[in-house]
file query.txt (compact mmCIF, C-alpha atoms)
# COMPACT_ATOMS: atom_id res chain seq x y z
CA MET A 1 152.06 99.33 71.37
CA GLY A 2 154.27 101.24 69.00
CA ALA A 3 154.36 99.96 65.44
CA VAL A 4 153.34 96.42 66.39
CA THR A 5 150.23 95.32 64.53
CA PRO A 6 147.63 94.41 67.14
CA ILE A 7 146.06 90.96 67.14
CA ASP A 8 142.54 91.40 68.46
CA LEU A 9 141.30 88.49 70.57
CA ARG A 10 138.85 90.47 72.69
CA SER A 11 135.78 88.93 71.05
CA ASP A 12 134.50 87.24 67.92
CA THR A 13 132.41 90.39 67.43
CA VAL A 14 135.45 92.29 66.12
CA THR A 15 135.37 90.49 62.76
CA GLN A 16 134.81 92.75 59.78
CA PRO A 17 132.75 91.97 56.66
CA ASP A 18 134.93 90.78 53.79
CA GLU A 19 134.52 91.78 50.16
CA ALA A 20 132.04 89.00 49.37
CA MET A 21 129.83 90.06 52.25
CA ARG A 22 130.08 93.73 51.33
CA ARG A 23 129.12 92.94 47.73
CA ALA A 24 126.08 91.00 48.93
CA MET A 25 125.05 93.94 51.11
CA ALA A 26 125.45 96.41 48.26
CA ALA A 27 123.41 94.27 45.86
CA ALA A 28 120.63 93.29 48.28
CA GLU A 29 117.02 93.52 47.19
CA VAL A 30 115.38 95.80 49.74
CA GLY A 31 112.05 97.20 50.83
CA ASP A 32 110.62 98.93 53.89
CA ASP A 33 110.64 96.19 56.51
CA VAL A 34 108.30 98.06 58.86
CA LEU A 35 105.67 98.61 56.15
CA ASP A 36 106.06 95.72 53.73
CA HIS A 37 108.56 93.24 55.21
CA ASP A 38 111.85 93.67 53.36
CA PRO A 39 112.27 90.68 50.99
CA THR A 40 115.87 89.90 51.93
CA MET A 41 115.01 90.19 55.62
CA ALA A 42 112.14 87.77 55.07
CA ALA A 43 114.44 85.33 53.28
CA LEU A 44 116.94 85.42 56.15
CA GLU A 45 114.23 84.86 58.75
CA GLU A 46 112.79 81.91 56.83
CA ARG A 47 116.21 80.33 56.45
CA VAL A 48 117.07 80.69 60.15
CA ALA A 49 113.69 79.28 61.18
CA GLY A 50 114.40 76.24 59.01
CA LEU A 51 117.86 75.74 60.48
CA LEU A 52 116.51 75.96 64.03
CA GLY A 53 113.46 73.78 63.38
CA VAL A 54 110.89 76.38 64.46
CA GLU A 55 107.91 77.95 62.73
CA ALA A 56 109.09 81.51 62.34
CA ALA A 57 111.88 83.96 63.10
CA LEU A 58 112.46 87.70 63.42
CA TRP A 59 115.63 89.69 62.74
CA VAL A 60 116.65 92.02 65.58
CA PRO A 61 119.55 94.48 65.83
CA SER A 62 121.20 92.65 68.74
CA GLY A 63 121.14 89.46 70.75
CA SER A 64 120.31 91.46 73.87
CA MET A 65 117.16 92.76 72.17
CA GLY A 66 116.27 89.25 71.03
CA ASN A 67 116.57 87.91 74.58
CA LEU A 68 114.63 90.87 75.97
CA ILE A 69 111.78 90.37 73.50
CA ALA A 70 111.52 86.70 74.49
CA LEU A 71 111.51 87.48 78.20
CA PHE A 72 109.06 90.33 77.69
CA LEU A 73 106.58 87.92 76.12
CA HIS A 74 107.20 84.96 78.42
CA LEU A 75 107.03 86.78 81.76
CA ARG A 76 104.23 88.42 83.63
CA ARG A 77 105.37 91.28 85.85
CA GLY A 78 106.98 89.90 88.99
CA ASP A 79 107.48 86.39 87.63
CA ARG A 80 110.72 84.70 88.56
CA PHE A 81 112.86 83.18 85.84
CA LEU A 82 115.77 80.79 86.27
CA ALA A 83 119.11 81.09 84.50
CA PRO A 84 122.61 79.71 85.04
CA LEU A 85 125.05 81.72 87.12
CA GLY A 86 126.90 84.16 84.89
CA ALA A 87 124.31 83.99 82.12
CA HIS A 88 124.32 86.83 79.62
CA VAL A 89 120.69 87.69 80.45
CA LEU A 90 121.73 88.14 84.10
CA ASP A 91 125.08 89.90 83.88
CA ALA A 92 125.48 91.56 80.49
CA GLU A 93 122.15 93.10 79.48
CA LEU A 94 121.93 96.01 81.94
CA GLY A 95 119.17 94.45 84.02
CA THR A 96 116.59 94.78 81.25
CA ALA A 97 115.11 91.40 82.16
CA ALA A 98 113.90 93.04 85.36
CA TRP A 99 113.75 96.68 84.29
CA LEU A 100 111.80 96.25 81.05
CA ALA A 101 110.53 92.66 80.98
CA GLY A 102 109.48 92.82 84.64
CA GLY A 103 111.05 89.51 85.65
CA MET A 104 112.73 88.50 88.91
CA PRO A 105 116.04 86.78 88.04
CA HIS A 106 117.20 83.74 89.96
CA ALA A 107 120.70 82.41 89.25
CA LEU A 108 121.36 78.68 89.53
CA PRO A 109 124.98 78.05 90.63
CA VAL A 110 124.84 74.66 88.93
CA LEU A 111 122.44 74.13 86.04
CA THR A 112 121.05 70.61 86.37
CA PRO A 113 117.54 69.17 86.01
CA GLU A 114 117.47 68.65 89.76
CA ALA A 115 118.41 72.28 90.42
CA VAL A 116 115.71 73.50 88.02
CA ILE A 117 113.03 71.43 89.74
CA ALA A 118 114.22 72.40 93.24
CA ALA A 119 114.19 76.11 92.41
CA GLY A 120 111.05 76.29 90.30
CA GLY A 121 108.82 73.48 91.49
CA GLY A 122 106.47 73.07 94.40
CA GLU A 123 103.62 75.13 95.78
CA SER A 124 104.15 78.51 97.35
CA PRO A 125 101.83 80.83 99.27
CA TYR A 126 99.93 83.44 97.27
CA TYR A 127 102.53 86.07 98.15
CA GLY A 128 105.44 83.90 97.00
CA LEU A 129 107.28 84.21 93.74
CA ARG A 130 105.70 82.60 90.70
CA THR A 131 108.37 80.90 88.55
CA SER A 132 107.45 80.64 84.89
CA LEU A 133 110.59 80.46 82.74
CA LEU A 134 113.95 78.74 82.39
CA CYS A 135 116.64 80.51 80.36
CA VAL A 136 119.52 78.36 79.13
CA GLU A 137 122.65 79.53 77.30
CA ASN A 138 124.55 77.46 74.74
CA THR A 139 127.44 78.03 74.47
CA HIS A 140 127.91 79.58 77.91
CA ASN A 141 130.05 82.66 77.43
CA ALA A 142 131.13 83.36 81.00
CA SER A 143 132.18 79.74 81.50
CA GLY A 144 134.51 79.94 78.53
CA GLY A 145 132.24 78.91 75.68
CA THR A 146 131.26 75.62 77.30
CA VAL A 147 128.77 73.44 75.45
CA THR A 148 125.50 71.89 76.60
CA SER A 149 125.21 68.48 74.97
CA VAL A 150 122.10 67.14 73.27
CA ASP A 151 121.30 64.85 76.21
CA GLU A 152 121.92 67.58 78.78
CA HIS A 153 119.72 69.97 76.80
CA ALA A 154 116.90 67.43 76.59
CA ALA A 155 117.08 66.72 80.32
CA LEU A 156 116.90 70.43 81.20
CA VAL A 157 113.92 70.98 78.91
CA ALA A 158 112.15 67.93 80.36
CA ALA A 159 112.75 69.18 83.90
CA ALA A 160 111.36 72.61 83.04
CA ARG A 161 108.32 71.08 81.37
CA SER A 162 107.66 68.83 84.36
CA ILE A 163 107.06 71.88 86.55
CA GLY A 164 105.27 73.99 83.96
CA LEU A 165 108.10 76.31 82.90
CA ALA A 166 108.57 77.73 79.44
CA VAL A 167 112.13 77.55 78.04
CA HIS A 168 114.10 80.28 76.26
CA LEU A 169 117.46 79.41 74.72
CA ASP A 170 120.07 82.16 74.45
CA GLY A 171 121.94 80.60 71.56
CA ALA A 172 124.13 83.55 70.64
CA ARG A 173 126.89 81.02 69.89
CA LEU A 174 124.65 78.01 69.23
CA TRP A 175 126.44 77.63 65.89
CA ASN A 176 129.65 76.93 67.81
CA ALA A 177 127.93 74.31 69.95
CA SER A 178 126.52 72.60 66.87
CA VAL A 179 129.91 72.47 65.15
CA ALA A 180 131.77 71.37 68.30
CA LEU A 181 129.31 68.51 68.90
CA GLY A 182 128.87 67.63 65.23
CA VAL A 183 125.08 67.69 65.54
CA PRO A 184 122.37 69.66 63.72
CA LEU A 185 121.09 72.84 65.30
CA THR A 186 117.65 71.26 65.69
CA SER A 187 119.11 68.79 68.21
CA LEU A 188 120.02 71.74 70.42
CA THR A 189 116.73 73.62 70.07
CA ALA A 190 114.42 70.64 70.59
CA GLY A 191 111.61 71.43 73.00
CA VAL A 192 112.36 75.12 73.58
CA ASP A 193 109.68 77.77 73.21
CA THR A 194 111.99 80.47 71.89
CA VAL A 195 115.61 80.81 70.82
CA GLN A 196 117.93 83.69 69.98
CA VAL A 197 120.94 83.26 67.69
CA CYS A 198 123.57 85.83 66.80
CA LEU A 199 124.95 86.56 63.33
CA SER A 200 127.63 89.05 64.38
CA LYS A 201 129.84 86.83 66.54
CA GLY A 202 131.56 83.82 65.04
CA LEU A 203 129.67 84.08 61.75
CA GLY A 204 131.08 87.52 61.07
CA ALA A 205 128.09 89.60 60.01
CA PRO A 206 128.50 93.27 61.01
CA VAL A 207 125.22 93.43 62.92
CA GLY A 208 122.16 91.41 63.78
CA SER A 209 120.61 88.49 65.62
CA VAL A 210 117.45 86.46 65.13
CA VAL A 211 114.82 85.51 67.71
CA ALA A 212 112.60 82.60 66.79
CA GLY A 213 109.76 80.38 67.93
CA SER A 214 106.15 79.80 66.99
CA ALA A 215 104.40 81.87 64.34
CA SER A 216 102.21 83.46 67.01
CA PHE A 217 105.29 84.35 69.08
CA VAL A 218 106.89 86.12 66.12
CA VAL A 219 103.72 88.14 65.45
CA GLU A 220 103.93 89.52 68.99
CA ALA A 221 107.73 89.77 68.88
CA ARG A 222 107.47 92.09 65.88
CA ARG A 223 105.25 94.40 67.94
CA VAL A 224 107.69 94.39 70.88
CA ARG A 225 110.66 94.97 68.56
CA LYS A 226 108.92 98.10 67.27
CA MET A 227 108.15 99.17 70.84
CA LEU A 228 111.85 98.91 71.68
CA GLY A 229 112.90 100.91 68.63
CA GLY A 230 114.14 97.92 66.67
CA GLY A 231 112.09 98.35 63.50
CA VAL A 232 114.26 98.96 60.46
CA ARG A 233 113.47 100.19 56.97
CA GLN A 234 115.69 98.80 54.17
CA GLY A 235 116.91 96.04 56.44
CA GLY A 236 117.85 93.80 53.55
CA VAL A 237 121.25 95.51 53.43
CA LEU A 238 121.94 93.97 56.84
CA ALA A 239 120.08 90.73 56.24
CA ALA A 240 122.18 90.06 53.14
CA ALA A 241 125.26 89.92 55.37
CA GLY A 242 123.44 87.45 57.59
CA LEU A 243 122.66 85.18 54.64
CA VAL A 244 126.33 85.13 53.65
CA ALA A 245 127.26 84.45 57.27
CA LEU A 246 125.01 81.38 57.39
CA ASP A 247 127.02 79.85 54.56
CA ARG A 248 130.07 79.94 56.82
CA ILE A 249 128.93 77.97 59.83
CA ASP A 250 131.31 75.09 59.11
CA ARG A 251 134.35 77.37 59.29
CA LEU A 252 133.82 77.73 63.03
CA ALA A 253 135.75 74.46 63.38
CA ALA A 254 138.87 76.45 62.48
CA ASP A 255 138.20 78.88 65.33
CA HIS A 256 137.87 75.95 67.74
CA SER A 257 141.14 74.46 66.47
CA ASN A 258 142.91 77.81 66.86
CA ALA A 259 141.56 78.15 70.41
CA ASN A 260 142.97 74.73 71.27
CA GLY A 261 146.30 75.69 69.78
CA LEU A 262 146.37 78.92 71.74
CA ALA A 263 145.47 77.16 74.98
CA SER A 264 148.21 74.56 74.49
CA GLY A 265 150.76 77.23 73.70
CA LEU A 266 149.83 79.28 76.74
CA ARG A 267 150.17 76.22 78.98
CA ALA A 268 153.63 75.59 77.54
CA LEU A 269 154.52 79.14 78.61
CA GLY A 270 153.37 78.45 82.15
CA TRP A 271 149.86 79.88 82.04
CA GLU A 272 147.02 78.16 83.86
CA VAL A 273 144.40 77.71 81.15
CA ASP A 274 140.97 76.09 81.07
CA GLU A 275 140.46 73.52 78.33
CA PRO A 276 138.45 75.31 75.64
CA SER A 277 135.26 73.69 74.37
CA THR A 278 134.83 76.06 71.44
CA ASN A 279 136.49 79.38 70.54
CA ILE A 280 136.91 80.98 73.97
CA VAL A 281 140.06 80.54 76.06
CA LEU A 282 140.06 81.54 79.73
CA ALA A 283 143.43 81.92 81.43
CA SER A 284 144.14 82.70 85.07
CA ALA A 285 146.29 85.68 85.99
CA PRO A 286 147.48 86.77 89.46
CA ASP A 287 146.87 90.42 88.54
CA LEU A 288 144.19 90.59 85.86
CA GLU A 289 144.42 94.31 85.11
CA LYS A 290 148.20 94.29 84.94
CA THR A 291 148.18 91.23 82.68
CA LEU A 292 145.73 92.83 80.26
CA LEU A 293 147.89 95.96 80.08
CA SER A 294 151.03 93.86 79.51
CA LEU A 295 149.28 92.00 76.70
CA ARG A 296 148.23 95.28 75.13
CA ASP A 297 151.83 96.53 75.29
CA VAL A 298 152.89 93.69 72.96
CA GLY A 299 149.90 94.11 70.69
CA VAL A 300 147.71 91.31 71.99
CA LEU A 301 144.20 92.48 72.81
CA ALA A 302 142.22 90.40 75.29
CA SER A 303 139.37 91.07 77.72
CA PRO A 304 138.39 90.23 81.30
CA MET A 305 135.83 87.49 81.91
CA SER A 306 134.88 85.71 85.13
CA GLY A 307 138.02 86.99 86.84
CA LYS A 308 140.27 85.62 84.10
CA VAL A 309 141.82 86.72 80.82
CA ARG A 310 139.55 85.88 77.89
CA PHE A 311 140.97 85.24 74.44
CA VAL A 312 138.46 84.64 71.63
CA THR A 313 139.45 83.23 68.26
CA HIS A 314 137.44 84.25 65.20
CA GLY A 315 137.32 84.55 61.44
CA ASP A 316 139.86 87.37 61.23
CA VAL A 317 142.48 85.37 63.14
CA ASP A 318 144.23 82.32 61.68
CA SER A 319 146.79 79.83 62.96
CA SER A 320 149.68 82.11 62.00
CA ASP A 321 148.19 84.87 64.17
CA VAL A 322 147.97 82.42 67.08
CA ALA A 323 151.62 81.49 66.55
CA GLU A 324 152.53 85.19 66.52
CA VAL A 325 150.65 85.78 69.78
CA LEU A 326 152.59 82.98 71.43
CA ARG A 327 155.88 84.30 70.02
CA ARG A 328 155.21 87.76 71.47
CA LEU A 329 154.32 86.33 74.85
CA ARG A 330 157.38 84.10 74.87
CA GLU A 331 159.72 87.02 74.14
CA ASP A 332 158.11 89.90 76.00
CA ILE A 333 156.00 88.76 78.96

call {"tool": "encode", "arguments": {"input": "query.txt", "output": "structure tokens"}}
result
Amino acid sequence: MGAVTPIDLRSDTVTQPDEAMRRAMAAAEVGDDVLDHDPTMAALEERVAGLLGVEAALWVPSGSMGNLIALFLHLRRGDRFLAPLGAHVLDAELGTAAWLAGGMPHALPVLTPEAVIAAGGGESPYYGLRTSLLCVENTHNASGGTVTSVDEHAALVAAARSIGLAVHLDGARLWNASVALGVPLTSLTAGVDTVQVCLSKGLGAPVGSVVAGSASFVVEARRVRKMLGGGVRQGGVLAAAGLVALDRIDRLAADHSNANGLASGLRALGWEVDEPSTNIVLASAPDLEKTLLSLRDVGVLASPMSGKVRFVTHGDVDSSDVAEVLRRLREDI
């Protein structure tokens, strides 16, 4: 890469806390969250619960832990759960849904109400699989940050309910879906039993997610979090960053605009690019590994996803950075 300053588009998790966020972390009111419930942590949880339209919420160190806690409490050992093909809970959480939560994953190639009912409905013999949960993901990472609309969400929840399934929403980038659709978060959580949202992706906090649902769910979730080693002491230092991050949801529109600009520029250079719905751009490459190395050589960092090159715009990348990426590709690749 030489002296070229790298532009990091591998993920929106690479953002770093700015001075305002660092000041909030340094000044946070704290307590022992395991013993007394840290006051700043409690404030963050209450605020997220309000935004999502649920009774209660629990901070967790990662989205993977939040999803695992939900599955752990929804599933009995050996239960089958449904999720869309390429879902994070299937492909990016080291099999913990089966290993620790005891569930049998079943991927739906196309996530529709009809597919949910066909896979999870109907009687089976006593030795057959018992399906008890539908996991949905909004936005869907592996599909390039695609968005499930309000109507699509409602239809999926209704289908799950019609055959007695609980619903967990992996909303790691639900903020992006809300901004892209111009609808409140509550429109995209309506009817679900549990939801996980991430603070360390597009919102830019250095660490942390929140899993939420009923008050009784959160009581049990706190126990499972401790079981998994997720109890923290002066967690308010981290929660303070999350509170600042929540004030920045609207700025995700800039990430979406930059993703569109990047996609258009790549097409003009001859790349085959999917139309981005949010902040993730997927581009085809005849030789994925070689393309990623060539990008790195000119100081553009990207990652592989679903057999394509994934570029993710975020708070530490602006329109001038996108223009510079396109300039480097035009001149060097």

call {"tool": "closest_residue", "arguments": {"input": "query.txt", "among": "A:Val281, A:Val224, A:Val300, A:Val207", "to": "Ser264 (chain A)", "atoms": "only C-alpha atoms"}}
result
A:Val281

call {"tool": "residues_around", "arguments": {"input": "query.txt", "residues": "Arg130 (chain A)", "least_positions_apart": "4", "cutoff": "10 Å", "atoms": "all atoms listed in the file", "output": "list of chain:residue names"}}
result
A:Leu75, A:Arg76, A:Arg77, A:Gly78, A:Asp79, A:Arg80, A:Phe81, A:Met104, A:Gly120, A:Gly121, A:Glu123, A:Ser124, A:Pro125, A:Tyr126

call {"tool": "residues_near_point", "arguments": {"input": "query.txt", "point": "(124.2, 76.9, 83.6)", "cutoff": "6 Å", "atoms": "all atoms listed in the file", "output": "ChimeraX atom specification"}}
result
/A:84,110-111

call {"tool": "closest_residue", "arguments": {"input": "query.txt", "among": "A:Gly230, A:Gly95, A:Gly144, A:Gly242", "to": "Glu45 (chain A)", "atoms": "only C-alpha atoms"}}
result
A:Gly242

call {"tool": "closest_residue", "arguments": {"input": "query.txt", "among": "A:Leu108, A:Ala3, A:Val14, A:Ala155", "to": "Asp316 (chain A)", "atoms": "all atoms listed in the file"}}
result
A:Val14

call {"tool": "atom_distance", "arguments": {"input": "query.txt", "atom1": "CA of Asp151 (chain A)", "atom2": "CA of Glu137 (chain A)"}}
result
14.8 Å

call {"tool": "closest_residue", "arguments": {"input": "query.txt", "among": "A:Phe217, A:Ala241, A:Thr15, A:Gly261", "to": "Ser320 (chain A)", "atoms": "all atoms listed in the file"}}
result
A:Gly261
